[in-house]
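Q: This is protein-v3.txt, which holds compact mmCIF, C-alpha atoms:
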```
# COMPACT_ATOMS: atom_id res chain seq x y z
CA MET A 1 -14.42 12.65 12.75
CA VAL A 2 -14.81 15.81 10.67
CA GLU A 3 -16.48 15.26 7.30
CA PRO A 4 -14.06 15.98 4.43
CA THR A 5 -15.55 18.98 2.67
CA VAL A 6 -14.02 21.98 0.95
CA PRO A 7 -14.77 24.23 3.99
CA SER A 8 -13.28 21.74 6.46
CA ILE A 9 -10.14 21.33 4.34
CA ALA A 10 -9.91 25.12 4.02
CA PHE A 11 -10.11 25.37 7.82
CA ALA A 12 -7.17 22.97 8.14
CA LEU A 13 -5.32 24.91 5.41
CA ARG A 14 -5.72 28.11 7.39
CA ALA A 15 -4.37 26.38 10.51
CA TYR A 16 -1.31 25.08 8.69
CA SER A 17 -0.64 28.43 7.04
CA LYS A 18 -0.40 30.15 10.45
CA ARG A 19 2.81 28.22 11.04
CA THR A 20 4.37 29.75 7.92
CA PRO A 21 4.89 33.28 6.56
CA THR A 22 1.97 32.60 4.17
CA SER A 23 -1.19 33.30 6.17
CA ILE A 24 -4.34 32.13 4.35
CA GLY A 25 -7.90 33.02 5.35
CA LYS A 26 -10.63 30.39 5.21
CA ASN A 27 -12.47 32.09 2.32
CA HIS A 28 -9.33 32.33 0.24
CA GLY A 29 -8.56 28.70 1.12
CA GLN A 30 -11.96 27.62 -0.19
CA GLU A 31 -11.36 29.49 -3.43
CA MET A 32 -7.97 27.84 -4.05
CA ILE A 33 -9.20 24.35 -3.14
CA ALA A 34 -12.20 24.78 -5.46
CA ALA A 35 -9.77 25.78 -8.23
CA ALA A 36 -7.74 22.63 -7.64
CA LEU A 37 -11.00 20.70 -8.04
CA GLY A 38 -11.57 22.31 -11.43
CA TYR A 39 -13.71 25.40 -10.68
CA THR A 40 -13.06 29.10 -11.10
CA SER A 41 -14.65 29.88 -7.72
CA PHE A 42 -16.01 28.18 -4.61
CA TYR A 43 -19.47 29.45 -5.57
CA ALA A 44 -19.23 27.60 -8.90
CA PHE A 45 -18.15 24.45 -7.06
CA ALA A 46 -21.02 24.69 -4.56
CA LYS A 47 -23.61 25.16 -7.32
CA SER A 48 -22.29 22.42 -9.58
CA ASP A 49 -24.36 19.28 -10.12
CA CYS A 50 -21.12 17.35 -10.62
CA GLU A 51 -20.01 17.63 -7.01
CA ALA A 52 -21.32 16.21 -3.74
CA SER A 53 -21.23 18.36 -0.62
CA SER A 54 -18.83 15.84 0.95
CA LEU A 55 -15.64 14.45 -0.56
CA ALA A 56 -15.82 11.30 1.59
CA LYS A 57 -16.45 8.93 -1.34
CA ALA A 58 -13.72 10.45 -3.48
CA GLN A 59 -10.31 8.85 -3.08
CA HIS A 60 -8.23 9.58 -6.19
CA PHE A 61 -7.86 13.22 -7.26
CA VAL A 62 -6.14 14.79 -10.26
CA PRO A 63 -6.04 18.46 -9.24
CA ASP A 64 -6.23 21.12 -11.93
CA THR A 65 -2.81 22.57 -11.15
CA GLU A 66 -2.99 25.25 -13.85
CA LEU A 67 -6.30 26.65 -12.59
CA PHE A 68 -5.04 26.31 -9.02
CA ALA A 69 -1.95 28.39 -9.86
CA VAL A 70 -4.03 31.03 -11.64
CA ARG A 71 -6.43 31.37 -8.69
CA CYS A 72 -3.56 31.57 -6.22
CA ARG A 73 -1.98 34.43 -8.12
CA GLN A 74 -5.33 36.19 -8.43
CA LEU A 75 -5.53 36.13 -4.63
CA ASN A 76 -1.87 37.25 -4.32
CA TYR A 77 -0.44 33.92 -3.16
CA ASN A 78 2.51 31.96 -4.49
CA PRO A 79 1.11 28.58 -5.66
CA ASP A 80 4.39 26.86 -4.73
CA ASP A 81 3.89 28.03 -1.12
CA VAL A 82 0.21 27.02 -0.97
CA TRP A 83 0.48 23.60 -2.64
CA PRO A 84 2.31 21.73 0.18
CA LEU A 85 -0.02 23.33 2.74
CA MET A 86 -3.06 22.16 0.78
CA LYS A 87 -1.64 18.63 0.56
CA ALA A 88 -1.18 18.61 4.33
CA ALA A 89 -4.72 19.89 4.85
CA PHE A 90 -6.11 17.15 2.57
CA ALA A 91 -4.12 14.53 4.48
CA GLU A 92 -5.55 15.73 7.79
CA ARG A 93 -9.19 16.03 6.77
CA HIS A 94 -9.32 13.23 4.18
CA ALA A 95 -6.73 10.62 5.16
CA THR A 96 -7.56 8.21 2.31
CA ALA A 97 -7.33 10.85 -0.43
CA ILE A 98 -4.49 10.56 -2.95
CA LEU A 99 -3.56 13.63 -4.99
CA HIS A 100 -2.10 12.64 -8.35
CA THR A 101 -0.26 15.17 -10.48
CA CYS A 102 -1.52 13.70 -13.76
CA GLU A 103 -3.93 11.13 -15.13
CA ALA A 104 -1.05 8.72 -15.75
CA GLY A 105 -0.42 8.67 -12.00
CA LEU A 106 -4.10 8.05 -11.34
CA ASP A 107 -4.20 5.19 -13.83
CA HIS A 108 -1.00 3.65 -12.44
CA ALA A 109 -2.40 3.66 -8.89
CA ALA A 110 -5.77 2.31 -10.01
CA GLN A 111 -4.18 -0.53 -12.01
CA ALA A 112 -2.02 -1.50 -9.03
CA LEU A 113 -5.04 -1.49 -6.71
CA THR A 114 -7.04 -3.53 -9.23
CA ARG A 115 -4.33 -6.20 -9.44
CA GLN A 116 -4.11 -6.36 -5.65
CA GLN A 117 -7.87 -6.71 -5.29
CA ILE A 118 -7.84 -9.61 -7.75
CA LEU A 119 -4.99 -11.35 -5.91
CA ASN A 120 -6.80 -10.86 -2.57
CA ALA A 121 -10.11 -12.24 -3.87
CA PRO A 122 -11.28 -14.94 -1.38
CA HIS A 123 -12.12 -17.43 -4.15
CA LEU A 124 -8.65 -17.15 -5.70
CA GLN A 125 -6.90 -17.29 -2.33
CA CYS A 126 -8.88 -20.41 -1.39
CA GLU A 127 -7.89 -22.21 -4.59
CA LEU A 128 -4.23 -21.23 -4.18
CA THR A 129 -4.21 -22.49 -0.59
CA LYS A 130 -5.56 -25.88 -1.68
CA ARG A 131 -2.52 -26.35 -3.90
CA GLY A 132 0.04 -25.73 -1.19
CA ASP A 133 2.73 -23.07 -0.87
CA LEU A 134 2.61 -21.16 -4.14
CA GLN A 135 4.39 -18.02 -5.24
CA ILE A 136 2.72 -15.54 -7.61
CA THR A 137 4.99 -15.08 -10.63
CA GLY A 138 2.88 -12.95 -12.94
CA VAL A 139 -0.32 -10.94 -13.25
CA ASP A 140 -1.79 -9.67 -16.53
CA PHE A 141 -5.15 -7.91 -16.82
CA PRO A 142 -5.57 -5.54 -19.80
CA PHE A 143 -7.97 -3.08 -18.22
CA SER A 144 -8.43 0.18 -20.11
CA ALA A 145 -6.48 3.23 -19.03
CA ILE A 146 -8.52 5.57 -16.85
CA ARG A 147 -9.22 8.96 -18.43
CA LEU A 148 -11.45 11.38 -16.55
CA ALA A 149 -12.95 12.79 -19.73
CA ALA A 150 -14.13 9.31 -20.75
CA LEU A 151 -15.87 8.51 -17.46
CA PRO A 152 -19.65 8.84 -17.15
CA ALA A 153 -21.32 11.57 -15.12
CA VAL A 154 -21.44 11.64 -11.33
CA GLY A 155 -23.91 9.05 -10.07
CA GLU A 156 -23.11 6.62 -12.91
CA VAL A 157 -20.34 4.04 -13.11
CA MET A 158 -18.04 2.60 -15.77
CA GLU A 159 -18.09 -1.19 -15.68
CA GLU A 160 -15.51 -3.28 -17.51
CA HIS A 161 -15.15 -7.07 -17.83
CA VAL A 162 -11.70 -8.39 -18.66
CA ASN A 163 -10.19 -11.83 -19.20
CA GLY A 164 -6.70 -12.07 -17.77
CA PHE A 165 -4.47 -14.50 -15.97
CA VAL A 166 -2.45 -15.04 -12.82
CA SER A 167 0.57 -17.32 -12.93
CA ALA A 168 1.96 -19.12 -9.90
CA ALA A 169 4.60 -21.71 -9.15
CA GLY A 170 5.70 -23.85 -6.25
CA ALA A 171 7.81 -21.93 -3.76
CA THR A 172 10.20 -24.88 -3.24
CA GLU A 173 12.63 -26.62 -5.60
CA THR A 174 10.84 -29.94 -5.14
CA ASP A 175 7.51 -28.55 -6.35
CA THR A 176 7.85 -28.54 -10.13
CA THR A 177 4.29 -27.50 -10.99
CA VAL A 178 3.50 -24.21 -12.68
CA TYR A 179 -0.05 -22.88 -12.63
CA ARG A 180 -1.72 -20.53 -15.05
CA ILE A 181 -5.03 -19.29 -13.67
CA ALA A 182 -7.42 -17.85 -16.25
CA VAL A 183 -9.48 -15.16 -14.49
CA THR A 184 -12.52 -13.19 -15.56
CA ALA A 185 -12.79 -10.02 -13.52
CA ARG A 186 -15.09 -7.02 -13.37
CA ARG A 187 -13.95 -3.54 -12.43
CA VAL A 188 -16.30 -0.70 -11.50
CA ILE A 189 -15.17 2.92 -11.44
CA ALA A 190 -17.41 5.69 -10.15
CA ARG A 191 -16.79 9.35 -10.84
CA THR A 192 -17.32 11.41 -7.69
CA GLY A 193 -16.51 14.84 -9.07
CA LYS A 194 -14.97 16.81 -11.90
CA THR A 195 -11.41 15.80 -10.98
CA CYS A 196 -11.89 12.75 -8.75
CA ILE A 197 -13.09 9.16 -8.60
CA ALA A 198 -13.89 6.65 -5.89
CA ALA A 199 -11.53 3.75 -5.26
CA PRO A 200 -11.97 1.17 -8.06
CA ALA A 201 -13.90 -1.93 -6.99
CA THR A 202 -12.84 -5.22 -8.60
CA GLU A 203 -14.55 -8.60 -8.40
CA VAL A 204 -13.39 -12.02 -9.60
CA LEU A 205 -16.25 -13.61 -11.54
CA HIS A 206 -14.65 -16.83 -12.74
CA LEU A 207 -11.31 -18.60 -12.59
CA GLU A 208 -9.85 -21.79 -14.04
CA PHE A 209 -6.57 -23.48 -13.12
CA GLU A 210 -4.20 -25.01 -15.65
CA GLU A 211 -1.27 -27.09 -14.41
CA HIS A 212 2.01 -27.41 -16.31
CA PRO A 213 5.32 -29.07 -15.40
CA ARG A 214 8.08 -26.58 -14.69
CA ARG A 215 10.42 -26.31 -17.67
CA GLN A 216 14.08 -26.90 -17.07
CA GLN A 217 16.20 -23.96 -18.11
CA LYS A 218 18.65 -24.75 -20.87
CA THR A 219 22.27 -23.86 -20.23
CA GLN A 220 24.53 -22.83 -23.04
CA THR A 221 27.89 -21.21 -23.45
CA VAL A 222 27.91 -17.76 -24.96
CA ASP A 223 30.66 -15.27 -25.55
CA ASN A 224 31.02 -11.90 -23.83
CA ALA A 225 29.50 -10.05 -26.76
CA SER A 226 26.29 -12.13 -26.57
CA ILE A 227 26.02 -11.62 -22.81
CA ALA A 228 26.57 -7.92 -23.24
CA LYS A 229 23.86 -7.73 -25.88
CA GLN A 230 21.40 -9.46 -23.54
CA LYS A 231 22.27 -7.38 -20.48
CA LYS A 232 22.63 -4.01 -22.11
CA SER A 233 20.07 -1.52 -20.79
CA PRO A 234 17.05 -1.39 -23.13
CA ARG A 235 16.71 2.09 -24.61
CA SER A 236 13.94 1.65 -27.16
CA PRO A 237 11.42 4.52 -27.47
CA GLN A 238 8.67 2.34 -26.00
CA LYS A 239 10.82 1.34 -23.01
CA SER A 240 11.78 4.96 -22.49
CA VAL A 241 8.17 6.20 -22.40
CA ALA A 242 7.18 3.41 -20.01
CA PHE A 243 10.14 4.27 -17.78
CA CYS A 244 9.05 7.93 -17.65
CA GLU A 245 5.44 7.04 -16.88
CA GLU A 246 6.57 4.87 -13.97
CA LEU A 247 9.10 7.41 -12.72
CA PHE A 248 6.72 10.36 -12.76
CA SER A 249 3.73 8.52 -11.29
CA ARG A 250 5.47 6.58 -8.53
CA VAL A 251 8.32 8.90 -7.66
CA SER A 252 8.96 12.50 -8.61
CA GLY A 253 5.57 13.24 -10.15
CA ARG A 254 4.03 13.09 -6.69
CA ALA A 255 6.65 15.30 -5.06
CA ARG A 256 6.07 18.48 -7.09
CA VAL A 257 8.88 20.45 -5.46
CA ARG A 258 10.77 23.26 -7.16
CA TYR A 259 14.50 23.62 -6.64
CA ASN A 260 16.02 26.97 -7.61
CA ASN A 261 12.77 27.74 -9.49
CA LEU A 262 13.03 24.48 -11.48
CA MET A 263 10.81 21.39 -11.38
CA PRO A 264 10.96 18.20 -13.54
CA CYS A 265 7.65 17.37 -15.24
CA PHE A 266 6.12 14.76 -17.55
CA ASP A 267 3.21 15.40 -19.92
CA PRO A 268 1.40 12.05 -20.35
CA ASN A 269 -0.68 13.31 -23.27
CA GLU A 270 2.20 14.70 -25.34
CA LYS A 271 4.60 12.01 -24.02
CA SER A 272 7.19 14.70 -23.36
CA LEU A 273 9.48 15.68 -20.50
CA PHE A 274 10.12 19.28 -19.56
CA ILE A 275 11.58 21.38 -16.78
CA SER A 276 9.15 23.95 -15.46
CA ASP A 277 11.17 27.13 -15.07
CA ILE A 278 9.29 30.16 -13.75
CA THR A 279 12.15 32.44 -14.87
CA ALA A 280 12.19 31.32 -18.53
CA GLU A 281 9.92 32.30 -21.40
CA LYS A 282 9.81 28.71 -22.65
CA ASP A 283 10.33 25.52 -20.67
CA PRO A 284 13.14 23.28 -22.04
CA TRP A 285 11.75 19.93 -23.11
CA MET A 286 12.47 16.65 -24.88
CA PRO A 287 10.37 13.67 -26.08
CA ALA A 288 10.03 10.98 -23.42
CA SER A 289 10.95 8.39 -26.07
CA ALA A 290 14.51 9.80 -26.14
CA PHE A 291 15.07 9.98 -22.36
CA LEU A 292 16.89 6.67 -21.79
CA LYS A 293 18.96 7.10 -24.97
CA ASN A 294 20.50 10.20 -23.39
CA LEU A 295 21.38 8.69 -20.00
CA THR A 296 24.24 6.49 -18.83
CA ASP A 297 23.69 3.09 -17.25
CA GLN A 298 24.57 4.54 -13.86
CA GLU A 299 22.10 7.39 -14.27
CA ILE A 300 19.30 5.00 -15.28
CA GLU A 301 20.11 2.73 -12.33
CA ALA A 302 20.03 5.68 -9.92
CA LEU A 303 16.57 6.69 -11.15
CA ALA A 304 15.26 3.12 -11.14
CA ASN A 305 16.39 2.65 -7.53
CA LEU A 306 14.78 5.81 -6.20
CA PRO A 307 12.37 5.11 -3.34
CA ALA A 308 8.67 5.87 -3.76
CA TRP A 309 7.45 9.24 -2.56
CA ASN A 310 6.55 9.01 1.15
CA GLY A 311 5.63 12.60 1.96
CA ASN A 312 9.01 13.48 3.45
CA ASN A 313 11.52 12.96 0.65
CA GLU A 314 10.24 15.44 -1.95
CA ILE A 315 13.45 17.45 -2.27
CA THR A 316 15.71 14.42 -2.66
CA LEU A 317 13.48 12.89 -5.34
CA SER A 318 12.90 16.09 -7.29
CA VAL A 319 16.58 17.12 -7.29
CA THR A 320 17.74 13.67 -8.42
CA VAL A 321 15.25 13.56 -11.29
CA LEU A 322 15.89 17.22 -12.12
CA ASN A 323 19.64 16.65 -12.50
CA ALA A 324 19.12 13.59 -14.71
CA LEU A 325 16.54 15.37 -16.88
CA HIS A 326 18.81 18.41 -17.11
CA ARG A 327 21.65 16.29 -18.51
CA ALA A 328 19.35 14.35 -20.85
CA ILE A 329 17.85 17.52 -22.35
CA LEU A 330 21.30 18.99 -22.95
CA ARG A 331 22.48 15.80 -24.66
CA HIS A 332 19.28 15.56 -26.70
CA ARG A 333 19.64 19.19 -27.73
CA LYS A 334 23.19 18.53 -28.87
CA ARG A 335 22.09 15.51 -30.92
CA LYS A 336 19.28 17.46 -32.55
CA ILE A 337 21.60 20.27 -33.59
CA GLN A 338 24.00 17.76 -35.13
CA VAL A 339 21.25 15.85 -36.96
CA ASP A 340 19.70 19.04 -38.32
CA HIS A 341 23.17 20.20 -39.52
CA HIS A 342 22.50 23.70 -38.25
CA CYS A 343 25.99 23.82 -36.81
CA THR A 344 28.85 21.48 -36.00
CA ALA A 345 29.19 22.40 -32.35
CA VAL A 346 26.92 23.60 -29.62
CA ASP A 347 26.64 27.36 -29.52
CA SER A 348 26.80 28.22 -25.83
CA ARG A 349 24.57 31.23 -26.40
CA ASN A 350 21.85 29.04 -27.91
CA GLU A 351 22.26 26.51 -25.12
CA HIS A 352 21.90 29.19 -22.46
CA ASN A 353 18.85 30.57 -24.24
CA LEU A 354 17.37 27.10 -23.99
CA LEU A 355 18.46 26.53 -20.39
CA PRO A 356 19.06 29.89 -18.68
CA ASN A 357 21.75 29.95 -15.97
CA TRP A 358 22.58 26.26 -16.53
CA THR A 359 26.00 24.81 -17.16
CA CYS A 360 26.62 23.79 -20.76
CA TYR A 361 28.34 20.41 -20.50
CA HIS A 362 29.02 19.84 -24.20
CA ASP A 363 31.20 22.20 -26.21
CA SER A 364 32.53 19.92 -28.96
CA ASP A 365 31.52 17.12 -31.29
CA ALA A 366 33.06 14.45 -29.05
CA PRO A 367 30.92 11.38 -28.28
CA PHE A 368 28.50 11.64 -25.36
CA PHE A 369 29.31 8.21 -23.99
CA THR A 370 32.06 5.63 -23.86
CA GLU A 371 30.91 2.02 -24.06
CA SER A 372 32.82 -1.11 -23.10
CA VAL A 373 32.26 -4.74 -22.12
CA GLU A 374 33.40 -5.69 -18.61
CA ASN A 375 32.90 -9.27 -17.42
CA GLY A 376 30.35 -9.82 -20.14
CA VAL A 377 28.27 -6.74 -19.25
CA ALA A 378 27.91 -3.71 -21.51
CA ILE A 379 28.81 -0.56 -19.58
CA ARG A 380 27.91 2.92 -20.79
CA ARG A 381 29.55 5.91 -19.09
CA SER A 382 29.44 9.61 -19.73
CA ALA A 383 32.37 10.87 -21.74
CA TYR A 384 32.31 14.05 -19.68
CA ASP A 385 32.54 12.52 -16.18
```
Produce structure tokens that represent the structure in this file.
A:
Amino acid sequence: MVEPTVPSIAFALRAYSKRTPTSIGKNHGQEMIAAALGYTSFYAFAKSDCEASSLAKAQHFVPDTELFAVRCRQLNYNPDDVWPLMKAAFAERHATAILHTCEAGLDHAAQALTRQQILNAPHLQCELTKRGDLQITGVDFPFSAIRLAALPAVGEVMEEHVNGFVSAAGATETDTTVYRIAVTARRVIARTGKTCIAAPATEVLHLEFEEHPRRQQKTQTVDNASIAKQKKSPRSPQKSVAFCEELFSRVSGRARVRYNNLMPCFDPNEKSLFISDITAEKDPWMPASAFLKNLTDQEIEALANLPAWNGNNEITLSVTVLNALHRAILRHRKRKIQVDHHCTAVDSRNEHNLLPNWTCYHDSDAPFFTESVENGVAIRRSAYD
């Protein structure tokens, strides 16, 4: 097996590029890969004390996409043409590598892996088996979010001890016992480079079972308005930000495909959504906290039911998210104009300045949505559908 290094990945990149109109030499490939790893040149990468000669121990990467794009253009390549080729080259030479588009995606993947490692711990599995057929009903471990800037230097590790719990219950109706397992776990994260880390390693240090009888659910009669209030889609700012973080780390954030020069994006630091438009002077954006407030129930459901990125569905994912974000930004823009009292109706010229060559859906002060209660469920629909 070929060792995953920048030169070996560049060799694979050159091979893939020969199948496309974009032919890339090995030297240029090394330069662009080094830029994705956070360096202005391959020479700077090779001389850095922060990088090992092999990328074998690195598993999670957060490529520097801005520096990558700059280096591509310096070498007269279109970054949108090179990016999918580089992903394919990474997949061939470093099969376990995962390229995240932002630190939020890295943290999401690491937290999921950490939870799975805890659940698979032999000690915990042994204790669960002793108590019969149990079903895991909850996992809660408040590990810190992973931020590359906060990690120690290469060769050192960040170790964190956390007290959390796993809840489980009998998988049959006759088993009325509920278990709460208090768990002390240790997670170790090792930086392997400027933009990458090794797979987190998690160990269960101590666990303690608590048994409780299963509580019987109380039944009560409620009117349609109460049911609707309970079932209505949550649109709080906190829920909206969490929804965006999940959407752009699990789904579209990993696709990174432009459609008609447009690409939906999420900035985890600013907590904002924007559409990257290479033809516009300024990318249209909105706060992530307002995303759900500007979507219908059907639009939220369509986004929530999107499949995870699998390497072959980039266009479908990106276009679906792009269309939803497009509509949300337009609606948010309309609301902001009304709240600021700058005008009483959307000026189509201003709207087209914000979103060039896009359809302006709203040209009056009519409500954005119609809301009704059907069979006890609150339904929100677009007033413009």
Q: Which residue out of A:Ala150, A:Ala185, A:Leu55, A:Ala12 has the minimum interatomic distance to A:Ala121 when only C-alpha atoms are used?
A: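 Looking only at the distances to A:Ala121, the closest residue turns out to be A:Ala185.
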Q: Determine, counting only C-alpha atoms, every residue of protein, DNA or RNA that lies within 9 Å of (-12.0, 24.7, 6.0) in the file coordinates, then give the result as a PyMOL selection string.
A: chain A and resi 5-14+26-27+29-30+89
Q: How many Å lie between atom CA of A:Phe243 and atom CA of A:Arg333, rounded to one decimal?
A: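 For atom CA of A:Phe243 relative to atom CA of A:Arg333, the distance reads 20.3 Å.
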Q: Identify the residues around (15.0, 14.1, -8.9) within a radius of 9 Å, measuring from all atoms listed in the file in the coordinates stated by the file, and give them as a ChimeraX atom specification.
A: /A:251-252,263-264,303,306,314-325
Q: Which value, in Å to one decimal, gives the distance between atom CA of A:Thr177 and atom CA of A:Leu134?
A: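 Distance between the two atoms: 9.5 Å.
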Q: One decimal, in Å: what's the spacing between atom CA of A:Phe45 and atom CA of A:Cys265?
A: 28.0 Å
Q: Of the candidates A:Phe68, A:Tyr179, A:Tyr77, A:Tyr39, which one gets nearest to A:Pro21 if we count only C-alpha atoms?
A: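 Distance minimum relative to A:Pro21 lands on A:Tyr77.
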Q: Nearest to A:Ser23 among A:Asn294, A:Thr40, A:Asn78, A:Asn305, with distances taken over only C-alpha atoms: which residue is it?
A: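 Looking at the shortest contact to A:Ser23, the residue is A:Asn78.
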Q: List the spatial neighbours of A:His94 as a VMD selection string - criterion: any atom at most 12 Å away, all atoms listed in the file, same-chain residues fewer than 2 positions off excluded.
A: chain A and resid 1 to 6 8 to 10 12 54 to 61 86 to 92 96 to 99
Q: Quick one: of A:Ser272, A:Thr22, A:Gln238, A:Thr192, who's nearest to A:Val157, counting all atoms listed in the file?
A: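 Ranking A:Ser272, A:Thr22, A:Gln238, A:Thr192 by distance to A:Val157, first place goes to A:Thr192.
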Q: Rank nothing, just name the residue among A:Gln298, A:Ser249, A:Thr195, A:Gln74 nearest to A:Leu151, using only C-alpha atoms.
A: A:Thr195
Q: Around stretch 243-249 of chain A, fit a box with edges along x, y and z, padding it by 6 Å on each side, then list its centre and edge lengths in Å to one decimal as JSON.
A:
```
{"center_x": 6.9, "center_y": 7.3, "center_z": -14.5, "size_x": 18.4, "size_y": 18.1, "size_z": 18.5}
```
Q: Go through A:His100, A:Tyr16, A:Ala34, A:Ser53 and flag the residue nearest A:Asp81, using only C-alpha atoms for the distances.
A: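 Checking each of A:His100, A:Tyr16, A:Ala34, A:Ser53 against A:Asp81, counting only C-alpha atoms, the winner is A:Tyr16.
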